[in-house]
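Listing of data.cif, mmCIF, C-alpha atoms
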data_upload
loop_
_atom_site.group_PDB
_atom_site.id
_atom_site.type_symbol
_atom_site.label_atom_id
_atom_site.label_comp_id
_atom_site.auth_asym_id
_atom_site.auth_seq_id
_atom_site.Cartn_x
_atom_site.Cartn_y
_atom_site.Cartn_z
ATOM 1 C CA MET H 1 45.800 -94.571 10.361
ATOM 2 C CA SER H 2 43.217 -95.951 12.799
ATOM 3 C CA PRO H 3 39.492 -95.634 11.854
ATOM 4 C CA LEU H 4 38.625 -93.487 14.875
ATOM 5 C CA PRO H 5 40.826 -90.455 14.054
ATOM 6 C CA ALA H 6 39.683 -90.549 10.427
ATOM 7 C CA ALA H 7 36.019 -90.590 11.454
ATOM 8 C CA LEU H 8 36.656 -87.781 13.915
ATOM 9 C CA PHE H 9 38.294 -85.731 11.191
ATOM 10 C CA ILE H 10 35.399 -86.266 8.788
ATOM 11 C CA SER H 11 32.878 -85.276 11.478
ATOM 12 C CA ILE H 12 34.741 -82.086 12.249
ATOM 13 C CA LEU H 13 35.033 -81.321 8.534
ATOM 14 C CA PHE H 14 31.249 -81.490 8.171
ATOM 15 C CA LEU H 15 30.858 -79.161 11.148
ATOM 16 C CA LEU H 16 33.014 -76.452 9.554
ATOM 17 C CA PRO H 17 30.153 -74.812 7.597
ATOM 18 C CA GLN H 18 28.143 -74.539 10.803
ATOM 19 C CA LEU H 19 31.171 -73.109 12.583
ATOM 20 C CA HIS H 20 31.488 -70.567 9.783
ATOM 21 C CA LYS H 21 27.876 -69.492 10.246
ATOM 22 C CA VAL H 22 28.326 -69.105 13.984
ATOM 23 C CA CYS H 23 31.418 -66.971 13.459
ATOM 24 C CA ALA H 24 29.614 -64.811 10.925
ATOM 25 C CA ALA H 25 26.607 -64.334 13.182
ATOM 26 C CA SER H 26 28.815 -63.575 16.170
ATOM 27 C CA HIS H 27 30.818 -61.026 14.233
ATOM 28 C CA ALA H 28 27.702 -59.338 12.898
ATOM 29 C CA ALA H 29 26.010 -59.309 16.298
ATOM 30 C CA GLY H 30 28.830 -57.230 17.695
ATOM 31 C CA ARG H 31 27.907 -54.437 15.329
ATOM 32 C CA THR H 32 24.167 -54.940 15.004
ATOM 33 C CA ILE H 33 21.967 -52.033 16.045
ATOM 34 C CA PRO H 34 18.171 -52.107 16.217
ATOM 35 C CA THR H 35 15.901 -50.576 13.606
ATOM 36 C CA LEU H 36 12.179 -50.967 12.933
ATOM 37 C CA GLY H 37 10.626 -52.649 9.907
ATOM 38 C CA THR H 38 12.230 -53.005 6.501
ATOM 39 C CA CYS H 39 13.816 -50.270 4.428
ATOM 40 C CA ASN H 40 13.306 -50.226 0.655
ATOM 41 C CA ASN H 41 14.713 -48.124 -2.167
ATOM 42 C CA THR H 42 11.314 -47.493 -3.756
ATOM 43 C CA CYS H 43 7.827 -46.570 -2.613
ATOM 44 C CA GLY H 44 5.321 -47.348 -5.310
ATOM 45 C CA THR H 45 6.920 -45.938 -8.455
ATOM 46 C CA ILE H 46 9.045 -43.317 -6.681
ATOM 47 C CA PRO H 47 12.755 -44.065 -6.058
ATOM 48 C CA VAL H 48 13.592 -43.433 -2.401
ATOM 49 C CA MET H 49 17.141 -42.371 -1.619
ATOM 50 C CA PHE H 50 18.839 -40.761 1.375
ATOM 51 C CA PRO H 51 17.931 -38.562 3.215
ATOM 52 C CA PHE H 52 14.455 -40.037 2.683
ATOM 53 C CA GLY H 53 13.334 -43.465 3.837
ATOM 54 C CA THR H 54 10.335 -45.730 3.518
ATOM 55 C CA GLY H 55 9.702 -46.039 7.257
ATOM 56 C CA PHE H 56 10.956 -45.222 10.725
ATOM 57 C CA GLY H 57 14.598 -46.274 11.025
ATOM 58 C CA CYS H 58 15.176 -45.586 7.306
ATOM 59 C CA GLY H 59 16.902 -42.542 5.839
ATOM 60 C CA HIS H 60 17.799 -39.660 8.137
ATOM 61 C CA PRO H 61 15.851 -39.325 11.412
ATOM 62 C CA TYR H 62 15.153 -35.646 10.758
ATOM 63 C CA PHE H 63 13.399 -36.470 7.478
ATOM 64 C CA ALA H 64 11.657 -39.592 8.795
ATOM 65 C CA ARG H 65 9.369 -37.304 10.826
ATOM 66 C CA TYR H 66 8.001 -35.792 7.642
ATOM 67 C CA VAL H 67 8.248 -38.409 4.877
ATOM 68 C CA LYS H 68 7.273 -42.077 4.962
ATOM 69 C CA CYS H 69 5.881 -44.806 2.729
ATOM 70 C CA ASN H 70 2.319 -45.896 3.471
ATOM 71 C CA ALA H 71 0.822 -48.773 1.443
ATOM 72 C CA GLY H 72 2.904 -47.916 -1.621
ATOM 73 C CA THR H 73 2.296 -44.158 -1.394
ATOM 74 C CA LEU H 74 5.062 -41.781 -0.325
ATOM 75 C CA GLN H 75 3.570 -39.234 2.058
ATOM 76 C CA PHE H 76 4.657 -35.852 3.384
ATOM 77 C CA SER H 77 3.261 -34.676 6.735
ATOM 78 C CA THR H 78 2.906 -31.210 8.212
ATOM 79 C CA GLY H 79 0.817 -29.739 10.993
ATOM 80 C CA THR H 80 -2.089 -29.209 8.591
ATOM 81 C CA GLY H 81 -2.313 -32.622 7.019
ATOM 82 C CA ILE H 82 -0.801 -35.490 5.038
ATOM 83 C CA TYR H 83 0.077 -34.918 1.393
ATOM 84 C CA THR H 84 1.146 -37.236 -1.411
ATOM 85 C CA VAL H 85 4.682 -36.895 -2.758
ATOM 86 C CA SER H 86 4.298 -36.713 -6.543
ATOM 87 C CA SER H 87 7.980 -36.687 -7.437
ATOM 88 C CA ILE H 88 11.505 -36.261 -6.086
ATOM 89 C CA ASP H 89 14.299 -34.671 -8.100
ATOM 90 C CA TYR H 90 17.528 -35.637 -6.325
ATOM 91 C CA PRO H 91 19.962 -33.573 -8.474
ATOM 92 C CA THR H 92 18.066 -30.368 -7.597
ATOM 93 C CA SER H 93 17.032 -31.491 -4.080
ATOM 94 C CA THR H 94 13.352 -30.780 -4.696
ATOM 95 C CA ILE H 95 10.137 -32.670 -4.076
ATOM 96 C CA VAL H 96 6.623 -31.942 -5.295
ATOM 97 C CA VAL H 97 3.689 -32.665 -2.986
ATOM 98 C CA ALA H 98 -0.003 -32.722 -3.834
ATOM 99 C CA ASP H 99 -2.732 -31.575 -1.478
ATOM 100 C CA PRO H 100 -5.804 -33.763 -2.156
ATOM 101 C CA PHE H 101 -8.076 -30.808 -1.295
ATOM 102 C CA MET H 102 -6.213 -28.261 -3.350
ATOM 103 C CA SER H 103 -8.024 -26.918 -6.421
ATOM 104 C CA THR H 104 -6.857 -27.537 -9.982
ATOM 105 C CA CYS H 105 -8.311 -26.489 -13.327
ATOM 106 C CA SER H 106 -10.245 -29.733 -13.692
ATOM 107 C CA SER H 107 -11.518 -29.853 -10.103
ATOM 108 C CA MET H 108 -12.057 -27.055 -7.601
ATOM 109 C CA GLN H 109 -13.318 -27.525 -4.069
ATOM 110 C CA ASN H 110 -13.176 -25.974 -0.640
ATOM 111 C CA SER H 111 -9.649 -26.405 0.662
ATOM 112 C CA GLY H 112 -8.015 -26.722 4.018
ATOM 113 C CA SER H 113 -5.070 -24.643 5.136
ATOM 114 C CA PHE H 114 -1.423 -25.422 4.410
ATOM 115 C CA SER H 115 1.583 -24.836 6.614
ATOM 116 C CA LEU H 116 5.275 -25.618 6.561
ATOM 117 C CA ASP H 117 7.044 -26.000 9.890
ATOM 118 C CA ARG H 118 9.749 -23.433 10.428
ATOM 119 C CA THR H 119 12.044 -26.062 11.967
ATOM 120 C CA SER H 120 11.605 -28.556 9.120
ATOM 121 C CA PRO H 121 14.387 -29.248 6.580
ATOM 122 C CA PHE H 122 12.062 -28.049 3.790
ATOM 123 C CA THR H 123 11.510 -24.627 2.253
ATOM 124 C CA LEU H 124 9.298 -23.447 -0.589
ATOM 125 C CA THR H 125 10.986 -23.088 -3.962
ATOM 126 C CA GLY H 126 10.663 -19.854 -5.887
ATOM 127 C CA SER H 127 8.665 -21.560 -8.634
ATOM 128 C CA ASN H 128 5.463 -21.812 -6.571
ATOM 129 C CA ILE H 129 2.592 -19.489 -7.459
ATOM 130 C CA PHE H 130 -0.064 -19.611 -4.721
ATOM 131 C CA VAL H 131 -3.518 -18.504 -5.773
ATOM 132 C CA LEU H 132 -6.430 -17.850 -3.408
ATOM 133 C CA LEU H 133 -9.875 -18.531 -4.875
ATOM 134 C CA GLY H 134 -13.388 -17.510 -3.920
ATOM 135 C CA CYS H 135 -12.268 -14.867 -1.433
ATOM 136 C CA SER H 136 -14.665 -12.546 0.355
ATOM 137 C CA SER H 137 -14.657 -8.862 -0.567
ATOM 138 C CA THR H 138 -13.669 -8.171 3.051
ATOM 139 C CA SER H 139 -10.693 -10.520 2.919
ATOM 140 C CA PRO H 140 -7.492 -9.001 4.337
ATOM 141 C CA VAL H 141 -5.674 -9.958 1.135
ATOM 142 C CA PHE H 142 -7.506 -7.114 -0.612
ATOM 143 C CA ASP H 143 -6.378 -4.493 1.902
ATOM 144 C CA PRO H 144 -4.809 -1.818 -0.342
ATOM 145 C CA SER H 145 -2.335 -0.839 2.363
ATOM 146 C CA GLU H 146 -0.930 -4.388 2.533
ATOM 147 C CA ASP H 147 -0.390 -5.070 -1.186
ATOM 148 C CA LEU H 148 -0.672 -8.861 -0.778
ATOM 149 C CA CYS H 149 -1.936 -9.714 -4.271
ATOM 150 C CA ASP H 150 -0.028 -9.600 -7.531
ATOM 151 C CA THR H 151 -2.256 -7.444 -9.725
ATOM 152 C CA GLY H 152 0.097 -7.509 -12.711
ATOM 153 C CA SER H 153 0.811 -10.906 -14.275
ATOM 154 C CA GLY H 154 -1.296 -12.407 -11.503
ATOM 155 C CA SER H 155 -4.477 -11.171 -13.133
ATOM 156 C CA ARG H 156 -3.807 -13.426 -16.129
ATOM 157 C CA VAL H 157 -3.385 -16.411 -13.808
ATOM 158 C CA CYS H 158 -6.739 -15.640 -12.155
ATOM 159 C CA SER H 159 -8.434 -15.261 -15.544
ATOM 160 C CA GLY H 160 -7.031 -18.584 -16.648
ATOM 161 C CA LEU H 161 -8.243 -20.407 -13.536
ATOM 162 C CA TYR H 162 -11.706 -18.854 -13.633
ATOM 163 C CA SER H 163 -12.055 -19.966 -17.254
ATOM 164 C CA CYS H 164 -11.874 -23.593 -16.068
ATOM 165 C CA LYS H 165 -15.092 -25.592 -15.818
ATOM 166 C CA GLY H 166 -13.959 -26.760 -12.396
ATOM 167 C CA VAL H 167 -14.607 -23.307 -10.913
ATOM 168 C CA THR H 168 -18.261 -24.294 -10.443
ATOM 169 C CA GLY H 169 -17.022 -26.537 -7.622
ATOM 170 C CA ILE H 170 -16.515 -23.475 -5.405
ATOM 171 C CA GLY H 171 -19.866 -21.932 -6.336
ATOM 172 C CA LEU H 172 -18.698 -19.618 -9.114
ATOM 173 C CA PRO H 173 -19.806 -19.602 -12.756
ATOM 174 C CA GLN H 174 -17.269 -20.276 -15.481
ATOM 175 C CA ASN H 175 -15.473 -17.060 -16.509
ATOM 176 C CA ALA H 176 -16.602 -15.318 -13.323
ATOM 177 C CA PRO H 177 -15.082 -11.912 -12.489
ATOM 178 C CA THR H 178 -11.615 -12.271 -10.992
ATOM 179 C CA SER H 179 -12.321 -9.883 -8.132
ATOM 180 C CA THR H 180 -12.506 -12.841 -5.717
ATOM 181 C CA CYS H 181 -9.123 -14.227 -6.849
ATOM 182 C CA CYS H 182 -5.703 -13.309 -5.489
ATOM 183 C CA VAL H 183 -2.258 -14.429 -6.590
ATOM 184 C CA TYR H 184 -0.836 -14.386 -3.090
ATOM 185 C CA ASP H 185 2.313 -12.279 -2.970
ATOM 186 C CA SER H 186 2.808 -12.165 0.783
ATOM 187 C CA LEU H 187 6.316 -12.280 2.237
ATOM 188 C CA MET H 188 4.992 -15.012 4.559
ATOM 189 C CA GLY H 189 5.267 -17.354 1.622
ATOM 190 C CA ILE H 190 9.013 -17.004 1.158
ATOM 191 C CA GLY H 191 11.304 -19.597 2.705
ATOM 192 C CA SER H 192 10.462 -21.731 5.723
ATOM 193 C CA GLY H 193 7.640 -21.254 8.164
ATOM 194 C CA TYR H 194 5.001 -20.781 5.489
ATOM 195 C CA SER H 195 1.420 -20.619 6.738
ATOM 196 C CA LEU H 196 -1.649 -20.332 4.538
ATOM 197 C CA ASP H 197 -4.684 -19.928 6.818
ATOM 198 C CA LEU H 198 -7.753 -19.901 4.572
ATOM 199 C CA PRO H 199 -10.361 -19.163 7.279
ATOM 200 C CA LYS H 200 -8.321 -16.181 8.424
ATOM 201 C CA LEU H 201 -7.927 -15.002 4.831
ATOM 202 C CA GLN H 202 -11.656 -15.550 4.165
ATOM 203 C CA CYS H 203 -11.075 -17.596 1.005
ATOM 204 C CA SER H 204 -12.822 -20.779 -0.108
ATOM 205 C CA SER H 205 -9.935 -22.539 -1.783
ATOM 206 C CA TYR H 206 -6.352 -22.286 -2.921
ATOM 207 C CA THR H 207 -4.085 -23.760 -5.546
ATOM 208 C CA SER H 208 -0.369 -23.807 -6.214
ATOM 209 C CA ILE H 209 1.205 -23.853 -9.665
ATOM 210 C CA TYR H 210 4.881 -24.787 -9.894
ATOM 211 C CA GLU H 211 5.171 -24.952 -13.690
ATOM 212 C CA PHE H 212 3.054 -23.317 -16.385
ATOM 213 C CA GLY H 213 4.094 -25.232 -19.496
ATOM 214 C CA ASP H 214 1.662 -23.907 -22.094
ATOM 215 C CA GLU H 215 0.748 -20.701 -20.261
ATOM 216 C CA GLU H 216 -2.369 -20.156 -22.353
ATOM 217 C CA ASP H 217 -3.988 -23.451 -21.372
ATOM 218 C CA PRO H 218 -4.563 -23.858 -17.608
ATOM 219 C CA MET H 219 -5.349 -27.541 -18.149
ATOM 220 C CA LYS H 220 -1.649 -28.004 -18.917
ATOM 221 C CA TRP H 221 -0.380 -26.159 -15.873
ATOM 222 C CA LYS H 222 1.339 -28.323 -13.268
ATOM 223 C CA PHE H 223 -0.390 -28.072 -9.898
ATOM 224 C CA GLY H 224 1.388 -28.949 -6.676
ATOM 225 C CA ILE H 225 3.712 -27.535 -4.051
ATOM 226 C CA SER H 226 7.408 -27.601 -4.888
ATOM 227 C CA LEU H 227 9.723 -27.870 -1.886
ATOM 228 C CA LEU H 228 13.474 -27.627 -1.567
ATOM 229 C CA TYR H 229 15.044 -29.967 0.997
ATOM 230 C CA ASN H 230 18.315 -29.614 2.872
ATOM 231 C CA ASP H 231 20.785 -32.070 1.299
ATOM 232 C CA SER H 232 23.682 -31.383 3.690
ATOM 233 C CA TYR H 233 23.022 -34.545 5.739
ATOM 234 C CA TYR H 234 24.773 -36.889 3.270
ATOM 235 C CA THR H 235 27.928 -38.129 5.026
ATOM 236 C CA PRO H 236 30.955 -40.254 3.996
ATOM 237 C CA ALA H 237 29.589 -43.051 6.210
ATOM 238 C CA CYS H 238 26.318 -43.074 4.269
ATOM 239 C CA LYS H 239 28.165 -43.003 0.951
ATOM 240 C CA ASP H 240 30.298 -45.982 2.040
ATOM 241 C CA CYS H 241 27.141 -47.834 3.103
ATOM 242 C CA GLU H 242 25.445 -47.247 -0.260
ATOM 243 C CA THR H 243 28.598 -48.171 -2.189
ATOM 244 C CA ASN H 244 28.541 -51.599 -0.533
ATOM 245 C CA GLY H 245 24.870 -52.203 -1.305
ATOM 246 C CA GLY H 246 23.280 -50.944 1.907
ATOM 247 C CA LEU H 247 20.619 -48.367 2.680
ATOM 248 C CA CYS H 248 21.342 -45.578 5.143
ATOM 249 C CA GLY H 249 19.165 -45.539 8.239
ATOM 250 C CA PHE H 250 19.324 -44.979 11.957
ATOM 251 C CA SER H 251 18.947 -46.734 15.288
ATOM 252 C CA VAL H 252 15.551 -46.384 16.935
ATOM 253 C CA LEU H 253 17.245 -46.125 20.337
ATOM 254 C CA ASP H 254 19.464 -43.079 19.906
ATOM 255 C CA GLU H 255 19.055 -42.151 16.200
ATOM 256 C CA SER H 256 22.713 -43.007 15.528
ATOM 257 C CA PHE H 257 23.746 -44.001 12.008
ATOM 258 C CA SER H 258 22.890 -47.474 10.784
ATOM 259 C CA CYS H 259 23.767 -49.188 7.512
ATOM 260 C CA ILE H 260 20.867 -51.498 6.686
ATOM 261 C CA CYS H 261 21.845 -54.598 4.718
ATOM 262 C CA ARG H 262 19.715 -56.896 2.633
ATOM 263 C CA ASP H 263 20.501 -59.940 4.793
ATOM 264 C CA GLY H 264 18.838 -58.296 7.796
ATOM 265 C CA VAL H 265 22.015 -57.087 9.494
ATOM 266 C CA ASN H 266 22.126 -53.426 10.519
ATOM 267 C CA THR H 267 25.666 -52.228 11.132
ATOM 268 C CA THR H 268 27.470 -49.057 12.130
ATOM 269 C CA THR H 269 29.735 -49.255 9.059
ATOM 270 C CA ASN H 270 28.684 -50.876 5.770
ATOM 271 C CA CYS H 271 27.273 -54.063 4.247
ATOM 272 C CA PHE H 272 30.558 -55.435 2.909
ATOM 273 C CA GLY H 273 30.751 -59.164 3.523
ATOM 274 C CA HIS H 274 27.270 -59.899 4.845
ATOM 275 C CA GLY H 275 26.696 -63.092 2.896
ATOM 276 C CA TYR H 276 25.090 -62.961 -0.520
ATOM 277 C CA THR H 277 23.885 -59.430 -0.088
ATOM 278 C CA TRP H 278 23.861 -56.475 -2.460
ATOM 279 C CA SER H 279 27.654 -56.215 -2.009
ATOM 280 C CA GLY H 280 28.057 -59.832 -3.197
ATOM 281 C CA ALA H 281 31.065 -60.542 -0.947
ATOM 282 C CA TRP H 282 31.855 -62.429 2.203
ATOM 283 C CA GLU H 283 33.536 -60.882 5.217
ATOM 284 C CA PRO H 284 37.342 -61.169 4.752
ATOM 285 C CA LYS H 285 37.887 -61.871 8.469
ATOM 286 C CA ILE H 286 35.419 -64.757 8.392
ATOM 287 C CA GLN H 287 37.071 -66.150 5.257
ATOM 288 C CA THR H 288 40.414 -66.026 7.013
ATOM 289 C CA LYS H 289 39.051 -67.780 10.118
ATOM 290 C CA THR H 290 37.622 -70.588 7.996
ATOM 291 C CA SER H 291 40.814 -71.036 5.956
ATOM 292 C CA ILE H 292 42.955 -71.235 9.081
ATOM 293 C CA GLY H 293 40.567 -73.788 10.576
ATOM 294 C CA VAL H 294 40.809 -76.037 7.523
ATOM 295 C CA PHE H 295 44.602 -75.809 7.542
ATOM 296 C CA LEU H 296 44.845 -76.736 11.237
ATOM 297 C CA LEU H 297 42.572 -79.736 10.809
ATOM 298 C CA TRP H 298 44.633 -80.928 7.858
ATOM 299 C CA TRP H 299 47.795 -80.547 9.891
ATOM 300 C CA ILE H 300 46.307 -82.527 12.810
ATOM 301 C CA TYR H 301 45.147 -85.207 10.374
ATOM 302 C CA ARG H 302 48.713 -85.587 9.029
ATOM 303 C CA LEU H 303 50.080 -85.999 12.545
ATOM 304 C CA VAL H 304 47.583 -88.668 13.631
#

Structure translated into structure tokens:
Amino acid sequence: MSPLPAALFISILFLLPQLHKVCAASHAAGRTIPTLGTCNNTCGTIPVMFPFGTGFGCGHPYFARYVKCNAGTLQFSTGTGIYTVSSIDYPTSTIVVADPFMSTCSSMQNSGSFSLDRTSPFTLTGSNIFVLLGCSSTSPVFDPSEDLCDTGSGSRVCSGLYSCKGVTGIGLPQNAPTSTCCVYDSLMGIGSGYSLDLPKLQCSSYTSIYEFGDEEDPMKWKFGISLLYNDSYYTPACKDCETNGGLCGFSVLDESFSCICRDGVNTTTNCFGHGYTWSGAWEPKIQTKTSIGVFLLWWIYRLV
């Protein structure tokens, strides 16, 4: 064999890895769709799974309008403000959000209003007990013809809250009469489209209790707003994406499905074969192309 063909063969052999990379990039580019930023499976200490995402382009587009990760804090947005997501329970499809201006036993203050968009994929769970605090005697919640306050078991909830030292934060003495308190029993609070307008109701503050725990000690009650989310958006395509190590997201152009892989490739299928990614496998087609290339070069070398 002459030196020139041997040198040519060796040069081509060294170029094979680069050829492999070009093929891989070309194959991926054919399926790549644009997203924004980076998607993660946690935000702070909270696991983030579909339909939620950590930013725009992550999770389902319908939920991305309401939930996002900001500086390690998972946030829930409505028309009345931005609230912190305290927890997500995926088996029961519920999240708990905390209003920073909502009163608790340890700290009471003047609150803003709270609303839940009727078109959102969230509804209030039946475990929420909304309590209005520091209400005027002329408040519409005390209209006897409307029957908006729970005067049965609700009176014990009001007594418990007014026994808290924090009640001084809304200008009331500890153990004040409960005549300015109302466990809100309005039908407006059932399901979606909830609206709690404190100025209209002439109340200083509100709180929401989603779990009582030790019912006798209001310091042990769990304060927050429990929401049920629509979990019907989970599709076979998303399941396939997650099985192969990807995170489900969407294109910023048309909100079509995108499987977001760890190596930076966003595909319309799954992350199988995208280098040393979460799936841990190479693309079978690219493996085949490389194997055939090596065989052909060996065959040419034998003929020279």

Write out as a compact mmCIF listing (two decimals) with C-alpha atoms, in the coordinates of the input the residues lying within 12 Å of stretch 124-130 of chain H, counting all atoms listed in the file and excluding same-chain residues fewer than 6 positions away.
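File out_12.txt, as written:
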# COMPACT_ATOMS: atom_id res chain seq x y z
CA THR H 92 18.07 -30.37 -7.60
CA SER H 93 17.03 -31.49 -4.08
CA THR H 94 13.35 -30.78 -4.70
CA ILE H 95 10.14 -32.67 -4.08
CA VAL H 96 6.62 -31.94 -5.30
CA VAL H 97 3.69 -32.66 -2.99
CA MET H 102 -6.21 -28.26 -3.35
CA SER H 103 -8.02 -26.92 -6.42
CA THR H 104 -6.86 -27.54 -9.98
CA PHE H 114 -1.42 -25.42 4.41
CA SER H 115 1.58 -24.84 6.61
CA LEU H 116 5.28 -25.62 6.56
CA ASP H 117 7.04 -26.00 9.89
CA ARG H 118 9.75 -23.43 10.43
CA LEU H 148 -0.67 -8.86 -0.78
CA CYS H 149 -1.94 -9.71 -4.27
CA ASP H 150 -0.03 -9.60 -7.53
CA SER H 153 0.81 -10.91 -14.28
CA GLY H 154 -1.30 -12.41 -11.50
CA VAL H 157 -3.38 -16.41 -13.81
CA CYS H 158 -6.74 -15.64 -12.16
CA CYS H 181 -9.12 -14.23 -6.85
CA CYS H 182 -5.70 -13.31 -5.49
CA VAL H 183 -2.26 -14.43 -6.59
CA TYR H 184 -0.84 -14.39 -3.09
CA ASP H 185 2.31 -12.28 -2.97
CA SER H 186 2.81 -12.16 0.78
CA LEU H 187 6.32 -12.28 2.24
CA MET H 188 4.99 -15.01 4.56
CA GLY H 189 5.27 -17.35 1.62
CA ILE H 190 9.01 -17.00 1.16
CA GLY H 191 11.30 -19.60 2.70
CA SER H 192 10.46 -21.73 5.72
CA GLY H 193 7.64 -21.25 8.16
CA TYR H 194 5.00 -20.78 5.49
CA SER H 195 1.42 -20.62 6.74
CA LEU H 196 -1.65 -20.33 4.54
CA SER H 205 -9.94 -22.54 -1.78
CA TYR H 206 -6.35 -22.29 -2.92
CA THR H 207 -4.08 -23.76 -5.55
CA SER H 208 -0.37 -23.81 -6.21
CA ILE H 209 1.20 -23.85 -9.66
CA TYR H 210 4.88 -24.79 -9.89
CA GLU H 211 5.17 -24.95 -13.69
CA PHE H 212 3.05 -23.32 -16.39
CA TRP H 221 -0.38 -26.16 -15.87
CA LYS H 222 1.34 -28.32 -13.27
CA PHE H 223 -0.39 -28.07 -9.90
CA GLY H 224 1.39 -28.95 -6.68
CA ILE H 225 3.71 -27.54 -4.05
CA SER H 226 7.41 -27.60 -4.89
CA LEU H 227 9.72 -27.87 -1.89
CA LEU H 228 13.47 -27.63 -1.57
CA TYR H 229 15.04 -29.97 1.00
CA ASN H 230 18.32 -29.61 2.87

**Item:** Shortest interatomic distance to H:Lys200 - which of H:Val141, H:Leu161, H:Val252, H:Ala237, counting all atoms listed in the file
**Value:**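 So, comparing all the options, the nearest one is H:Val141.
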
Run the PyMOL selection byres ((chain H and resi 204) around 8) on the file and write out the hits as an mmCIF file with C-alpha atoms, in the frame of the given file.
data_model
loop_
_atom_site.group_PDB
_atom_site.id
_atom_site.type_symbol
_atom_site.label_atom_id
_atom_site.label_comp_id
_atom_site.auth_asym_id
_atom_site.auth_seq_id
_atom_site.Cartn_x
_atom_site.Cartn_y
_atom_site.Cartn_z
ATOM 1 C CA GLN H 109 -13.318 -27.525 -4.069
ATOM 2 C CA ASN H 110 -13.176 -25.974 -0.640
ATOM 3 C CA SER H 111 -9.649 -26.405 0.662
ATOM 4 C CA LEU H 132 -6.430 -17.850 -3.408
ATOM 5 C CA LEU H 133 -9.875 -18.531 -4.875
ATOM 6 C CA GLY H 134 -13.388 -17.510 -3.920
ATOM 7 C CA CYS H 135 -12.268 -14.867 -1.433
ATOM 8 C CA ILE H 170 -16.515 -23.475 -5.405
ATOM 9 C CA LEU H 198 -7.753 -19.901 4.572
ATOM 10 C CA PRO H 199 -10.361 -19.163 7.279
ATOM 11 C CA GLN H 202 -11.656 -15.550 4.165
ATOM 12 C CA CYS H 203 -11.075 -17.596 1.005
ATOM 13 C CA SER H 205 -9.935 -22.539 -1.783
ATOM 14 C CA TYR H 206 -6.352 -22.286 -2.921
#

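The coordinates place atom CA of H:Asn175 at 24.6 Å from atom CA of H:Pro144.
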
For the PyMOL selection byres ((chain H and resi 219) around 7), applied here, can you spell out every residue it catches as a short mmCIF file (atom, residue, chain, number, x, y, z; two decimals) with C-alpha atoms, in the frame of the given file?
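Done, and the output landed in result.cif:
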data_model
loop_
_atom_site.label_atom_id
_atom_site.label_comp_id
_atom_site.auth_asym_id
_atom_site.auth_seq_id
_atom_site.Cartn_x
_atom_site.Cartn_y
_atom_site.Cartn_z
CA CYS H 105 -8.31 -26.49 -13.33
CA SER H 106 -10.24 -29.73 -13.69
CA ASP H 217 -3.99 -23.45 -21.37
CA PRO H 218 -4.56 -23.86 -17.61
CA LYS H 220 -1.65 -28.00 -18.92
CA TRP H 221 -0.38 -26.16 -15.87
#

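Between atom CA of H:Pro140 and atom CA of H:Gly81 the interatomic distance comes to 24.3 Å.
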
**Request:** Name all residues at most 8 Å from H:Thr80 (count only C-alpha atoms; drop same-chain ones fewer than 2 positions away) and give them as a list in words.
**Result:** Ser77, Thr78, Ile82, Gly112, Ser113, Phe114 and Ser115 of chain H

**Request:** Translate the PyMOL selection byres ((chain H and resi 50) around 8), as applied to the file shown, into an explicit residue set as a VMD selection string.
**Result:** chain H and resid 48 to 49 51 to 53 59 to 60 234 247 to 248

**Item:** Shell around H:Gly55 at 9 Å using all atoms listed in the file, local window under 5 positions removed, as a VMD selection string
**Value:** chain H and resid 36 to 40 64 67 to 70

Could you turn the residues from that selection into a file that holds C-alpha atoms, as an mmCIF file, in the frame of the given file?
data_model
loop_
_atom_site.group_PDB
_atom_site.id
_atom_site.type_symbol
_atom_site.label_atom_id
_atom_site.label_comp_id
_atom_site.auth_asym_id
_atom_site.auth_seq_id
_atom_site.Cartn_x
_atom_site.Cartn_y
_atom_site.Cartn_z
ATOM 1 C CA LEU H 36 12.179 -50.967 12.933
ATOM 2 C CA GLY H 37 10.626 -52.649 9.907
ATOM 3 C CA THR H 38 12.230 -53.005 6.501
ATOM 4 C CA CYS H 39 13.816 -50.270 4.428
ATOM 5 C CA ASN H 40 13.306 -50.226 0.655
ATOM 6 C CA ALA H 64 11.657 -39.592 8.795
ATOM 7 C CA VAL H 67 8.248 -38.409 4.877
ATOM 8 C CA LYS H 68 7.273 -42.077 4.962
ATOM 9 C CA CYS H 69 5.881 -44.806 2.729
ATOM 10 C CA ASN H 70 2.319 -45.896 3.471
#
